[in-house]
Each structure stands twice: as C-alpha cells, then as structure tokens.
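Chemist: Sending over run06.cif (mmCIF, C-alpha atoms).
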```cif
data_protein
loop_
_atom_site.label_atom_id
_atom_site.label_comp_id
_atom_site.auth_asym_id
_atom_site.auth_seq_id
_atom_site.Cartn_x
_atom_site.Cartn_y
_atom_site.Cartn_z
CA MET R 1 0.00 0.00 0.00
CA ARG R 2 1.49 3.38 -1.03
CA ILE R 3 0.23 5.67 1.71
CA GLY R 4 2.16 8.74 0.66
CA ARG R 5 1.09 9.36 -2.96
CA HIS R 6 -1.12 12.24 -4.14
CA ALA R 7 -4.80 11.81 -3.34
CA SER R 8 -7.12 11.11 -6.26
CA PRO R 9 -10.34 13.11 -6.86
CA THR R 10 -12.32 10.30 -5.27
CA GLN R 11 -10.09 10.45 -2.21
CA CYS R 12 -10.52 14.20 -2.01
CA ILE R 13 -14.29 13.71 -2.00
CA LEU R 14 -13.94 11.19 0.80
CA ALA R 15 -11.75 13.61 2.71
CA GLY R 16 -14.44 16.25 2.25
CA LEU R 17 -17.05 13.91 3.64
CA ILE R 18 -14.86 13.31 6.67
CA GLY R 19 -14.60 17.07 7.09
CA CYS R 20 -18.40 17.38 7.01
CA SER R 21 -18.67 14.68 9.65
CA LEU R 22 -16.14 16.56 11.75
CA LEU R 23 -18.22 19.71 11.54
CA LEU R 24 -21.30 17.81 12.72
CA TRP R 25 -19.40 16.48 15.70
CA LEU R 26 -18.06 19.93 16.46
CA TYR R 27 -21.62 21.33 16.41
CA TRP R 28 -22.47 18.84 19.13
CA ILE R 29 -19.40 19.87 21.09
CA ASN R 30 -20.42 23.53 20.89
CA PRO R 31 -24.14 23.90 21.74
CA ALA R 32 -24.05 27.53 20.62
CA THR R 33 -23.55 26.38 17.03
CA ALA R 34 -25.74 23.31 17.34
CA GLY R 35 -28.99 25.12 17.97
CA SER R 36 -31.85 23.23 19.55
CA ALA R 37 -32.09 20.44 16.98
CA THR R 38 -33.01 17.28 18.83
CA TRP R 39 -31.08 15.10 16.39
CA SER R 40 -27.82 16.62 17.60
CA LYS R 41 -28.29 14.94 20.95
CA GLN R 42 -27.77 11.59 19.25
CA LEU R 43 -24.32 12.50 17.95
CA PRO R 44 -21.22 11.27 19.81
CA VAL R 45 -19.14 13.75 21.81
CA VAL R 46 -15.65 13.89 20.29
CA ARG R 47 -12.96 16.27 21.47
CA THR R 48 -11.19 18.14 18.66
CA VAL R 49 -8.21 20.38 19.40
CA TYR R 50 -6.32 22.88 17.26
CA PHE R 51 -2.59 23.60 17.05
CA PRO R 52 -2.12 27.27 16.05
CA ALA R 53 1.62 26.74 15.45
CA THR R 54 0.93 24.38 12.52
CA GLY R 55 -2.69 25.29 11.79
CA HIS R 56 -4.11 21.78 12.05
CA HIS R 57 -6.61 19.82 14.14
CA LEU R 58 -6.33 16.59 16.09
CA SER R 59 -9.50 14.62 16.80
CA ASN R 60 -10.46 11.44 18.58
CA ARG R 61 -12.96 10.29 15.96
CA VAL R 62 -10.82 7.27 15.07
CA GLY R 63 -8.62 7.39 18.19
CA PHE R 64 -5.75 9.58 16.95
CA LEU R 65 -6.00 12.11 19.79
CA ASP R 66 -5.89 9.55 22.60
CA PHE R 67 -3.08 7.63 20.88
CA TRP R 68 -1.09 10.86 20.68
CA ARG R 69 -1.80 11.66 24.32
CA VAL R 70 -0.72 8.31 25.79
CA ASN R 71 2.42 7.77 23.69
CA GLY R 72 4.53 10.81 24.39
CA GLN R 73 2.57 13.71 22.88
CA LEU R 74 4.77 16.55 21.55
CA HIS R 75 8.00 14.89 22.63
CA THR R 76 7.40 11.77 20.55
CA PHE R 77 5.25 12.85 17.62
CA GLY R 78 5.36 16.63 17.45
CA MET R 79 2.32 18.53 16.18
CA PRO R 80 -0.08 17.55 13.38
CA ILE R 81 1.00 18.96 10.02
CA SER R 82 -2.04 17.81 8.03
CA GLU R 83 -5.71 17.18 8.59
CA GLU R 84 -7.03 13.61 8.53
CA LEU R 85 -6.83 12.32 4.95
CA VAL R 86 -8.21 9.29 3.14
CA ILE R 87 -5.39 7.79 1.07
CA ASP R 88 -5.67 4.38 -0.59
CA GLY R 89 -8.88 3.85 1.36
CA ARG R 90 -7.30 4.40 4.77
CA ILE R 91 -7.65 7.34 7.17
CA VAL R 92 -4.20 8.78 7.92
CA GLN R 93 -2.77 11.93 9.45
CA TYR R 94 0.74 13.34 9.25
CA PHE R 95 2.67 14.71 12.23
CA GLU R 96 6.10 16.29 12.40
CA ARG R 97 7.68 12.98 13.39
CA ALA R 98 5.15 10.33 12.43
CA ARG R 99 2.16 9.26 10.36
CA PHE R 100 -0.91 7.87 12.13
CA GLU R 101 -3.00 5.23 10.34
CA TYR R 102 -6.46 4.00 11.30
CA HIS R 103 -7.01 0.22 11.01
CA PRO R 104 -10.75 -0.45 11.38
CA GLU R 105 -10.14 -4.19 11.26
CA TYR R 106 -8.62 -3.79 14.74
CA ALA R 107 -11.25 -1.38 16.08
CA GLY R 108 -11.50 -1.52 19.86
CA THR R 109 -8.00 -3.00 20.28
CA PRO R 110 -4.58 -1.38 20.88
CA GLN R 111 -3.83 -1.95 17.17
CA GLN R 112 -6.66 0.35 16.03
CA VAL R 113 -4.15 3.17 15.53
CA GLN R 114 -0.80 2.22 14.05
CA LEU R 115 2.18 4.23 12.92
CA GLY R 116 3.22 4.32 9.28
CA LEU R 117 6.56 2.83 8.22
CA ILE R 118 8.06 6.20 7.35
CA GLY R 119 11.57 5.02 8.22
CA ARG R 120 11.35 2.32 5.57
CA GLU R 121 9.93 4.80 3.07
CA TRP R 122 12.75 7.25 3.73
CA LEU R 123 15.50 4.65 3.43
CA ALA R 124 14.05 3.38 0.15
CA ARG R 125 14.95 6.77 -1.32
CA GLN R 126 18.47 6.97 0.16
CA PRO R 127 21.85 5.49 -0.74
CA THR R 128 22.50 1.96 0.48
CA ILE R 129 22.69 1.64 4.26
CA PRO R 130 25.90 -0.04 5.51
CA PRO R 131 25.52 -3.72 6.39
CA PRO R 132 24.82 -4.84 9.98
CA ALA R 133 27.72 -4.80 12.41
CA THR R 134 29.47 -8.12 12.91
CA ASP R 135 29.82 -7.63 16.67
CA THR R 136 26.39 -8.22 18.20
CA ALA R 137 27.63 -9.16 21.67
CA ILE R 138 26.93 -5.71 23.11
CA GLY R 139 23.36 -4.45 22.94
CA ALA R 140 20.09 -5.94 21.75
CA PHE R 141 20.28 -7.85 18.47
CA PHE R 142 17.14 -8.05 16.30
CA PRO R 143 17.25 -11.06 13.94
CA GLU R 144 14.13 -9.74 12.16
CA THR R 145 16.24 -7.05 10.51
CA GLY R 146 19.81 -8.06 11.43
CA TYR R 147 20.64 -4.88 13.31
CA THR R 148 21.62 -4.11 16.90
CA LEU R 149 20.50 -1.44 19.36
CA ARG R 150 23.01 -0.11 21.90
CA GLY R 151 23.63 2.55 24.49
CA GLU R 152 21.51 5.67 24.62
CA PHE R 153 19.42 4.66 21.60
CA LEU R 154 18.54 1.29 23.16
CA GLU R 155 17.58 2.93 26.46
CA PHE R 156 15.42 5.53 24.71
CA TRP R 157 13.76 2.91 22.47
CA GLU R 158 12.88 0.71 25.45
CA ARG R 159 11.55 3.54 27.60
CA HIS R 160 9.54 5.46 25.02
CA GLY R 161 7.50 2.94 23.09
CA GLY R 162 9.65 0.12 21.70
CA LEU R 163 8.28 -1.89 18.77
CA PRO R 164 4.74 -0.41 18.61
CA VAL R 165 6.02 3.17 18.35
CA PHE R 166 9.42 2.87 16.64
CA GLY R 167 9.54 -0.59 15.08
CA PHE R 168 12.68 -2.63 14.44
CA PRO R 169 16.05 -0.99 13.76
CA LEU R 170 16.88 -0.67 10.05
CA SER R 171 20.51 0.37 10.48
CA GLU R 172 23.33 0.41 12.96
CA GLU R 173 24.32 3.66 14.63
CA ARG R 174 25.99 5.82 12.00
CA ASP R 175 27.50 9.26 11.66
CA GLU R 176 25.66 11.66 9.39
CA ASN R 177 27.29 15.07 9.07
CA GLY R 178 28.71 14.86 12.57
CA THR R 179 25.52 13.59 14.25
CA LEU R 180 25.05 10.02 15.49
CA VAL R 181 21.80 8.64 14.03
CA GLN R 182 19.96 5.35 13.76
CA TYR R 183 17.04 4.38 11.54
CA PHE R 184 13.95 2.46 12.57
CA GLU R 185 10.87 1.30 10.71
CA ARG R 186 8.88 4.26 12.00
CA ALA R 187 11.47 6.83 13.09
CA ARG R 188 15.01 8.15 12.98
CA PHE R 189 16.87 8.85 16.23
CA LEU R 190 19.41 11.65 16.64
CA TYR R 191 21.90 11.77 19.52
CA ARG R 192 22.35 15.26 21.00
CA PRO R 193 24.80 14.92 23.91
CA GLU R 194 25.04 18.70 24.25
CA SER R 195 21.47 18.77 25.59
CA LEU R 196 22.72 17.34 28.91
CA ALA R 197 24.02 20.36 30.83
CA PRO R 198 27.77 20.37 31.62
CA PHE R 199 27.06 20.17 35.36
CA PHE R 200 25.12 16.93 34.94
CA ARG R 201 27.71 15.57 32.52
CA GLN R 202 30.29 16.20 35.26
CA GLN R 203 28.14 14.55 37.92
CA GLN R 204 27.63 11.59 35.62
CA ALA R 205 31.38 11.05 35.55
CA ILE R 206 31.71 11.53 39.32
CA TYR R 207 28.96 9.09 40.29
CA GLY R 208 29.42 6.69 37.38
CA LEU R 209 25.73 6.90 36.49
CA ASP R 210 23.93 7.21 33.18
CA LEU R 211 22.08 10.52 33.28
CA ASP R 212 19.74 11.65 30.52
CA SER R 213 18.08 14.90 29.61
CA LEU R 214 14.68 14.85 27.96
CA PHE R 215 16.19 15.84 24.61
CA GLU R 216 19.50 13.93 24.62
CA VAL R 217 17.95 11.49 22.14
CA GLN R 218 15.66 13.24 19.70
CA ILE R 219 13.25 11.90 17.10
CA ASP R 220 13.85 13.47 13.71
CA ASP R 221 11.09 15.12 11.68
CA LEU R 222 10.67 12.26 9.19
CA GLY R 223 6.91 12.78 9.19
CA LEU R 224 7.38 16.26 7.75
CA GLN R 225 10.02 15.08 5.28
CA ILE R 226 7.92 12.18 4.00
CA ALA R 227 4.85 14.41 3.72
CA THR R 228 6.89 16.86 1.64
CA LEU R 229 8.22 14.07 -0.61
CA HIS R 230 4.68 12.84 -1.27
CA GLY R 231 3.24 16.27 -1.89
CA ILE R 232 0.91 16.21 1.11
CA ASN R 233 -0.78 19.56 1.68
CA THR R 234 0.55 20.86 5.00
CA ALA R 235 -0.76 24.43 4.64
CA PRO R 236 -2.60 25.72 7.73
CA VAL R 237 -6.39 25.48 7.75
CA ALA R 238 -8.93 27.69 9.49
CA ARG R 239 -9.95 26.67 12.96
CA LEU R 240 -13.20 24.69 12.92
CA PRO R 241 -16.10 25.89 15.10
CA GLY R 242 -15.80 24.53 18.61
CA ALA R 243 -12.14 23.48 18.33
CA VAL R 244 -9.96 24.80 21.16
CA ASP R 245 -6.20 25.26 21.35
CA TRP R 246 -4.43 22.15 22.57
CA SER R 247 -3.03 22.25 26.09
CA PRO R 248 -2.57 19.57 28.76
CA GLY R 249 -4.85 21.78 30.84
CA LEU R 250 -7.83 20.88 28.63
CA TRP R 251 -8.17 17.78 30.77
CA SER R 252 -8.33 17.34 34.51
CA ARG R 253 -4.71 16.51 35.33
CA ARG R 254 -3.62 14.57 38.39
CA ILE R 255 -0.52 12.77 39.64
CA GLU R 256 -0.52 9.64 41.78
CA VAL R 257 2.50 8.26 43.63
CA ASP R 258 2.34 4.61 44.72
CA LEU R 259 4.80 4.24 47.61
CA ALA R 260 4.57 0.45 47.66
CA ARG R 261 5.36 0.10 43.98
CA GLN R 262 7.70 3.12 43.94
CA TYR R 263 6.04 4.39 40.79
CA LEU R 264 4.39 7.62 39.65
CA PHE R 265 1.39 7.90 37.32
CA ALA R 266 0.08 11.00 35.52
CA TYR R 267 -3.49 11.17 34.21
CA GLU R 268 -5.53 13.43 31.95
CA ASP R 269 -9.05 12.75 33.17
CA ASN R 270 -8.91 8.94 33.49
CA LEU R 271 -6.40 8.44 30.68
CA LEU R 272 -2.93 7.39 31.86
CA VAL R 273 -0.51 9.52 29.85
CA PHE R 274 2.79 9.07 31.70
CA SER R 275 4.43 6.80 34.26
CA ALA R 276 7.88 6.70 35.81
CA PRO R 277 9.81 4.95 38.59
CA VAL R 278 10.55 6.95 41.71
CA ALA R 279 12.54 6.75 44.93
CA THR R 280 10.84 8.17 48.00
CA GLY R 281 11.72 8.91 51.63
CA ARG R 282 13.63 6.38 53.67
CA ASP R 283 12.64 5.35 57.19
CA GLY R 284 12.76 8.33 59.51
CA PHE R 285 12.18 10.66 56.56
CA ASN R 286 9.10 8.96 55.14
CA THR R 287 7.26 10.64 52.28
CA PRO R 288 3.87 11.81 53.62
CA ARG R 289 0.70 10.12 52.42
CA GLY R 290 -2.34 12.15 51.50
CA ASP R 291 -3.90 14.47 48.94
CA PHE R 292 -1.82 17.48 47.97
CA THR R 293 -1.34 19.92 45.10
CA ILE R 294 1.69 21.42 43.38
CA TYR R 295 2.07 24.79 45.10
CA TYR R 296 5.54 25.97 43.99
CA ARG R 297 7.79 25.15 41.04
CA LEU R 298 11.37 25.88 40.00
CA PRO R 299 13.33 24.56 37.01
CA GLN R 300 16.41 24.28 39.21
CA GLN R 301 17.20 24.81 42.88
CA THR R 302 20.00 24.28 45.37
CA MET R 303 18.60 22.28 48.29
CA SER R 304 20.11 22.47 51.75
CA GLY R 305 18.94 21.86 55.28
CA CYS R 306 19.23 19.87 58.47
CA LEU R 307 16.74 17.36 59.84
CA GLY R 308 16.93 14.45 62.26
CA GLY R 309 20.61 15.06 62.97
CA GLU R 310 21.51 15.10 59.27
CA CYS R 311 22.49 18.02 57.10
CA TRP R 312 22.73 18.23 53.30
CA TYR R 313 23.71 20.61 50.54
CA VAL R 314 22.72 19.59 46.99
CA PRO R 315 23.28 22.14 44.19
CA ASN R 316 21.37 22.39 40.93
CA VAL R 317 18.51 20.00 41.68
CA PRO R 318 16.47 19.97 38.45
CA TRP R 319 12.73 20.29 37.73
CA VAL R 320 11.45 20.89 41.27
CA GLN R 321 7.71 20.83 42.08
CA TYR R 322 6.71 21.21 45.74
CA VAL R 323 3.62 19.37 46.95
CA ALA R 324 3.72 19.37 50.78
CA GLY R 325 5.97 21.58 52.92
CA GLY R 326 9.53 20.81 51.86
CA VAL R 327 8.53 17.66 49.97
CA ALA R 328 8.92 17.97 46.19
CA LEU R 329 8.93 16.01 42.99
CA HIS R 330 12.37 16.54 41.41
CA GLY R 331 15.10 15.02 39.29
CA THR R 332 18.18 13.38 40.79
CA TYR R 333 21.76 12.98 39.58
CA TRP R 334 23.31 11.27 42.63
CA HIS R 335 21.61 7.86 42.47
CA ASN R 336 19.73 5.55 40.11
CA ALA R 337 17.57 3.66 42.62
CA HIS R 338 14.30 4.80 41.02
CA GLY R 339 11.74 1.99 41.06
CA SER R 340 14.13 -0.44 42.72
CA GLY R 341 12.36 -0.39 46.08
CA VAL R 342 15.36 1.28 47.72
CA ARG R 343 14.06 4.50 49.28
CA MET R 344 16.81 7.10 49.21
CA SER R 345 15.42 10.56 49.94
CA HIS R 346 14.72 12.80 52.91
CA GLY R 347 11.02 12.70 51.99
CA CYS R 348 11.06 14.04 48.45
CA ILE R 349 9.92 12.06 45.43
CA ASN R 350 13.03 11.46 43.33
CA LEU R 351 12.75 10.96 39.57
CA ARG R 352 15.21 10.47 36.74
CA ILE R 353 16.17 13.82 35.22
CA ASP R 354 14.37 13.29 31.91
CA ASP R 355 11.22 12.02 33.64
CA ALA R 356 11.24 14.99 36.00
CA GLN R 357 11.52 17.36 33.02
CA TRP R 358 8.63 15.72 31.15
CA LEU R 359 6.46 15.98 34.25
CA TYR R 360 7.50 19.61 34.86
CA GLU R 361 6.56 20.61 31.30
CA TRP R 362 3.24 18.77 31.53
CA ALA R 363 2.11 19.82 35.02
CA ASP R 364 1.33 23.21 36.54
CA LEU R 365 0.53 24.92 39.82
CA GLY R 366 -2.57 23.46 41.41
CA VAL R 367 -2.31 20.01 39.82
CA PRO R 368 -3.46 17.44 42.44
CA VAL R 369 -0.91 14.95 43.74
CA LYS R 370 -2.15 11.87 45.61
CA ILE R 371 0.47 9.92 47.57
CA TYR R 372 -0.58 6.54 48.93
#
```
Can the structure in the file be given as structure tokens, please?
Modeler:
Amino acid sequence: MRIGRHASPTQCILAGLIGCSLLLWLYWINPATAGSATWSKQLPVVRTVYFPATGHHLSNRVGFLDFWRVNGQLHTFGMPISEELVIDGRIVQYFERARFEYHPEYAGTPQQVQLGLIGREWLARQPTIPPPATDTAIGAFFPETGYTLRGEFLEFWERHGGLPVFGFPLSEERDENGTLVQYFERARFLYRPESLAPFFRQQQAIYGLDLDSLFEVQIDDLGLQIATLHGINTAPVARLPGAVDWSPGLWSRRIEVDLARQYLFAYEDNLLVFSAPVATGRDGFNTPRGDFTIYYRLPQQTMSGCLGGECWYVPNVPWVQYVAGGVALHGTYWHNAHGSGVRMSHGCINLRIDDAQWLYEWADLGVPVKIY
C-alpha cells in the first residue's frame, strides 16, 4: 500500500465527507452552534483540538487524539501537520515525526491506531545503508532485521515505546554530518549529547551513572520530510467551530504516587498519559501520604537543610515541584535507585532527570498529587 502518494479526486471527495462529519461532531461539542435540533443529541461527543503553530486539528474520531496523548505527545510525535486524509482507502494523518494510520479491522484493540513505516519509506529513497555490524555481543540484536541497538538509543527505544512506536532498527548507529543517528521502521533517532548540561555531565562522571536529559535522544522530523516528498498539503487550515487550542490543561490533570510500587502515574481525566519509577523517603524521613497539590515550582534549585541530625547541601537539583511543605517532585543525579524499592530521599519524590523534566513541562501549579 502506497500511503504517501497524491490523493485522487475520489479520495478528495472522501476527505471532504470526513470534514463534514467533523463539523457535525463539532456542532455537538459547541451547543451555541448546534442550535436546539433534537437530532444533535444523538451524535457522539468527540474532542477536537487545534494547534495554532501548525494550523491543524487533532480529533479522537478514530482514536488519533488519545493515541497521541498516551504515547509521548509533543515529545514523541510533534504537532499535526495535516488534517485527517483518506489515502488508498485508509484514514491517515501526518505529524512532524510520524504518520498515524487507522485500522478499522482492529477497532476496539490497541492496534486500532498504528504508525506508518516512514523510516522504511525514507530509506528506500536513500543510498544503500551499511551492512549490519558483525559484533552483536553488546546491545540488543534483532534477527528480524539483522541490526543491533546499543547505548543511549537502546535505552530511549525501550523507555519510550519500543516496537509499537518505533519498530525494528533498520541500520546500525551511524555518523551523518557529525551527528550520530539510527534508523527504525517508524522513526530516525538523533543523539544530541550537548542537551545534557555540563554540570550533569560532570556529575555523571563523578557518580558513574547514566544521566539523561529529555532531549538527549531526539526523534527526527521524518513525518514532515515524508509528507513533503509525497506532496501532502501541509498548509494551515482555518480553525473549525468549537475546536480549542491544545493544552494539557484541557483535561483534569492529576498525579498519583504509589509508595509500595515506587512508581508515579500521571493522568488526563482517566487516561494514563505518563508513568515513571521513583525513589521516596527512607525510614525516619518517610514521604507523607495524602492528597496534595503542586504549590511551587522551580526549574532548578539548590537544596540544603538539616533534619533528624543530618544536614545536606545539593546544588542544581532539576525540575522541582513542591507538593507538601519541603517535599517535592524533582530530578536526581546522585543515584539511580528509582523503582528499585530502595528509598533514598529525605522525603522528596526522586525521579530520573528526563522524567522529571517531562512531568515539569506537563504539570502546573494546582495540579493534584495523591500519595498513597
């Protein structure tokens, strides 16, 4: 199936019909435009959001919006760069870093929304990729394609979606114009070591730990490049009636911290959109249980104090969000015990640096935090 070719007149008509359906749904979302017609009450409620930066909508009519929300959002996929299209009989939508495809044969299952093989499409147009490495002892070897994942790329792949989001590797790590890259069926990874601040790079060497910033491994904009190659119309469109600007604040956000499991969960309404391992307060400095809210936030802070006969001075603690007195969610660079069951802190909820940054960018003052 050639997803990326120009749409035929018939496909344009189908796309227009989809647009009409979208308007009907939007009328139901916005009662002011729906009038008092009783038939509108029979229409499903479907949230549609708008991205002013690219001038495109994202809807949940076939599940694209929820798929985007639970699989990394902006960090993984970027913004939509097209409207929903019907190409070769399938509903698709292009994003900066991906192409979403609706598979009605899997409706109601996790496979309902799948990602297009844009990595394969890109490589088909490029010079020959070097053969697989002969040394497969270090890393994760994939016999399906004959390539190996290692180091930062392997860690990122495992933590941010694995096979369903990125697919199998289609190359080894390789240098392209001074940047380390690796190709996958659905993505291309770029390694940006400069995104980890020099202080944390220094601490990494001191403690012998693997520290990561949120943007140390980046996903390239293959979605945009493939859309351009196939002549997809990415021009902005007018906002549809009832569509609101996307923001995490459109949903009721909340954070839950499970002390027994040493794990944190972030929800938009009842949709789990993020989870991460944590390390909480050790005995004598136990993390308090209860219902709290984020009341103060700092991107970085030096923490110092004395309690229970102990004193500490910790500079440059990243992505700090206070929830109860001196207890905060924050990143750590001095241990990697997150999720291990080893409680390390003086009461705070310790996260990996990249997880703490994701949560900081997603959350806001007043977001509820339940610790149990």
Chemist: Counting all atoms listed in the file, what is within 7 Å of R:Gly281, bar same-chain residues fewer than 4 positions away, as an mmCIF file with C-alpha atoms, in the coordinates of the input?
Modeler:
```cif
data_model
loop_
_atom_site.group_PDB
_atom_site.id
_atom_site.type_symbol
_atom_site.label_atom_id
_atom_site.label_comp_id
_atom_site.auth_asym_id
_atom_site.auth_seq_id
_atom_site.Cartn_x
_atom_site.Cartn_y
_atom_site.Cartn_z
ATOM 1 C CA PHE R 285 12.180 10.660 56.560
ATOM 2 C CA ASN R 286 9.100 8.960 55.140
ATOM 3 C CA THR R 287 7.260 10.640 52.280
ATOM 4 C CA ARG R 343 14.060 4.500 49.280
ATOM 5 C CA MET R 344 16.810 7.100 49.210
ATOM 6 C CA SER R 345 15.420 10.560 49.940
ATOM 7 C CA HIS R 346 14.720 12.800 52.910
ATOM 8 C CA GLY R 347 11.020 12.700 51.990
ATOM 9 C CA CYS R 348 11.060 14.040 48.450
#
```
Chemist: With distances taken over all atoms listed in the file, which of R:Leu65, R:Val92, R:Ile349, R:Ile81 is nearest to R:Pro236?
Modeler: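 Going through R:Leu65, R:Val92, R:Ile349, R:Ile81 one by one, the smallest distance to R:Pro236 is for R:Ile81.
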Chemist: Tell me which protein, DNA and RNA residues are within 12 Å of R:Glu194, counting all atoms listed in the file, leaving out same-chain ones fewer than 5 positions away, and put them as a list in words.
Modeler: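 Counting all atoms listed in the file, the residues come to Thr179, Phe199, Phe200, Arg201, Asp212, Ser213, Leu214, Phe215, Glu216, Val217 and Gln218 of chain R.
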Chemist: Ranking R:Tyr106, R:Tyr207, R:Tyr183, R:Phe95 by minimum distance to R:Trp334 and counting only C-alpha atoms, which one comes first?
Modeler: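 Nearest candidate to R:Trp334 out of R:Tyr106, R:Tyr207, R:Tyr183, R:Phe95: R:Tyr207.
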Chemist: Set the distance at 12 Å and use only C-alpha atoms: which residues neighbour R:Gln202 once local chain neighbours fewer than 6 positions away are removed? I'd like the list as an MDAnalysis selection string.
Modeler: chainID R and resid 196 208:211 333:334
Chemist: Just say which residues the PyMOL selection byres ((chain R and resi 262-268) around 8) picks in this file, as a PyMOL selection string.
Modeler: chain R and resi 248+251-261+269-280+338-341
Chemist: Please indicate the distance in Å from atom CA of R:Tyr94 to atom CA of R:Ile232, rounded to one decimal place.
Modeler: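 Going from atom CA of R:Tyr94 over to atom CA of R:Ile232 covers 8.6 Å.
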Chemist: May I have the protein, DNA and RNA residues with any atom at most 12 Å from the point (3.1, 27.1, 33.6), counting only C-alpha atoms, written as an MDAnalysis selection string?
Modeler: chainID R and resid 247:249 294:299 321 359:367
Chemist: Looking at all atoms listed in the file, which of R:Asp88, R:Glu121, R:Glu185, R:Glu96 is the one that sits closest to R:His56?
Modeler: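 Closest residue, counting all atoms listed in the file: R:Glu96.
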Chemist: Residues near R:Gly119, anyone? I mean within 9 Å using all atoms listed in the file, not counting same-chain ones fewer than 5 positions away, as a tab-separated table (two decimals) with C-alpha atoms, in the frame of the given file.
Modeler:
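As a result, part-v2.tsv now contains:
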```tsv
chain	number	residue	atom	x	y	z
R	124	ALA	CA	14.05	3.38	0.15
R	166	PHE	CA	9.42	2.87	16.64
R	170	LEU	CA	16.88	-0.67	10.05
R	183	TYR	CA	17.04	4.38	11.54
R	184	PHE	CA	13.95	2.46	12.57
R	185	GLU	CA	10.87	1.30	10.71
R	186	ARG	CA	8.88	4.26	12.00
R	187	ALA	CA	11.47	6.83	13.09
R	188	ARG	CA	15.01	8.15	12.98
R	222	LEU	CA	10.67	12.26	9.19
```
Chemist: For each of R:Gly326, R:Pro132, R:Pro80, R:Pro169, take the minimum atom-to-atom distance to R:Arg97, counting only C-alpha atoms, then give the residue where this is smallest.
Modeler: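 Nearest candidate to R:Arg97 out of R:Gly326, R:Pro132, R:Pro80, R:Pro169: R:Pro80.
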